Amino acid sequence: MELSRHAAMRKQQRGFQADDIDLIIRFGTPIRRPGNVVEYQMGKENEKHLVQAIARVKTKAVLLSDDEATVITVYNLAKQR
């Protein structure tokens with residue numbers, strides 16, 4: 001996802017980690033705002049969904065093409081002993 005210069009500056013100033021924006025968009029609640037924009041928020045109601053999603057995928061993997069444009073396969077990781 002492309003960031004505007006303003007967003008990149010604010011991300012750094014406000015201590016956002018590399019994946020924070022993707023997590024908020026993926027698991028947050030979308031809210032329409034004036035000016036044809038959508039705000040995504042992470043609230044307490046999103047926490048349960050996020051924890052469940054992490055638990056669901058913690059033993060899974062995705063194999064992508066070198067340019068990361070195509071998902072080649074998905075699989076379960078071998079259980080560790």
# chains A, B, ... in the order shown; residues from 1 in each chain; ligands from 1

call {"tool": "residues_around", "arguments": {"residues": "A:Pro30", "least_positions_apart": "5", "cutoff": "12 Å", "atoms": "only C-alpha atoms", "output": "ChimeraX atom specification"}}
result
/A:24-25,37-43,46

call {"tool": "select_by_dssp", "arguments": {"residues": "stretch 1-80 of chain A", "states": "strand (DSSP E)", "output": "list in words"}}
result
Thr29, Pro30, Ile31, Arg32, Arg33, Val37, Val38, Glu39, Tyr40, Gln41, Lys60, Ala61, Val62, Leu63, Leu64, Val71, Ile72, Thr73, Val74, Tyr75 and Asn76 of chain A

call {"tool": "atom_distance", "arguments": {"atom1": "atom CA of A:Leu77", "atom2": "atom CA of A:Thr59"}}
result
5.3 Å

call {"tool": "atom_distance", "arguments": {"atom1": "atom CA of A:Ala69", "atom2": "atom CA of A:Ala7"}}
result
24.5 Å

call {"tool": "residues_around", "arguments": {"residues": "stretch 54-57 of chain A", "least_positions_apart": "5", "cutoff": "12 Å", "atoms": "only C-alpha atoms", "output": "PyMOL selection string"}}
result
chain A and resi 23+27+47-49+62+74-77

call {"tool": "write_last_selection", "arguments": {"atoms": "N, CA, C and O atoms", "output": "mmCIF file, in the first residue's frame"}}
result
data_model
loop_
_atom_site.group_PDB
_atom_site.id
_atom_site.type_symbol
_atom_site.label_atom_id
_atom_site.label_comp_id
_atom_site.auth_asym_id
_atom_site.auth_seq_id
_atom_site.Cartn_x
_atom_site.Cartn_y
_atom_site.Cartn_z
ATOM 1 N N LEU A 23 -2.553 -4.145 9.809
ATOM 2 C CA LEU A 23 -3.389 -4.780 10.834
ATOM 3 C C LEU A 23 -4.668 -3.995 11.082
ATOM 4 O O LEU A 23 -5.750 -4.573 11.197
ATOM 5 N N PHE A 27 -8.200 -5.721 10.272
ATOM 6 C CA PHE A 27 -9.034 -6.147 11.394
ATOM 7 C C PHE A 27 -9.854 -5.027 12.025
ATOM 8 O O PHE A 27 -10.655 -5.277 12.917
ATOM 9 N N GLU A 47 -10.395 -6.612 19.256
ATOM 10 C CA GLU A 47 -9.341 -7.369 19.923
ATOM 11 C C GLU A 47 -9.606 -8.875 19.886
ATOM 12 O O GLU A 47 -8.721 -9.660 19.542
ATOM 13 N N LYS A 48 -10.822 -9.290 20.193
ATOM 14 C CA LYS A 48 -11.148 -10.710 20.208
ATOM 15 C C LYS A 48 -10.951 -11.314 18.820
ATOM 16 O O LYS A 48 -10.363 -12.390 18.688
ATOM 17 N N HIS A 49 -11.402 -10.621 17.799
ATOM 18 C CA HIS A 49 -11.258 -11.118 16.432
ATOM 19 C C HIS A 49 -9.783 -11.257 16.046
ATOM 20 O O HIS A 49 -9.380 -12.243 15.426
ATOM 21 N N VAL A 62 2.151 -19.448 3.852
ATOM 22 C CA VAL A 62 1.736 -19.079 2.496
ATOM 23 C C VAL A 62 3.000 -18.985 1.653
ATOM 24 O O VAL A 62 3.975 -18.349 2.061
ATOM 25 N N VAL A 74 -0.800 -22.746 -0.075
ATOM 26 C CA VAL A 74 -0.918 -22.521 1.366
ATOM 27 C C VAL A 74 -0.823 -23.879 2.042
ATOM 28 O O VAL A 74 -1.209 -24.894 1.456
ATOM 29 N N TYR A 75 -0.267 -23.921 3.266
ATOM 30 C CA TYR A 75 -0.115 -25.217 3.922
ATOM 31 C C TYR A 75 0.020 -25.059 5.428
ATOM 32 O O TYR A 75 0.273 -23.974 5.928
ATOM 33 N N ASN A 76 -0.184 -26.188 6.103
ATOM 34 C CA ASN A 76 -0.006 -26.243 7.545
ATOM 35 C C ASN A 76 1.442 -26.612 7.828
ATOM 36 O O ASN A 76 2.006 -27.496 7.176
ATOM 37 N N LEU A 77 2.066 -25.935 8.782
ATOM 38 C CA LEU A 77 3.423 -26.251 9.185
ATOM 39 C C LEU A 77 3.428 -27.532 10.001
ATOM 40 O O LEU A 77 2.462 -27.826 10.718
#

call {"tool": "select_by_dssp", "arguments": {"residues": "chain A", "states": "alpha helix (DSSP H)", "output": "ChimeraX atom specification"}}
result
/A:5-13,20-27,44-57
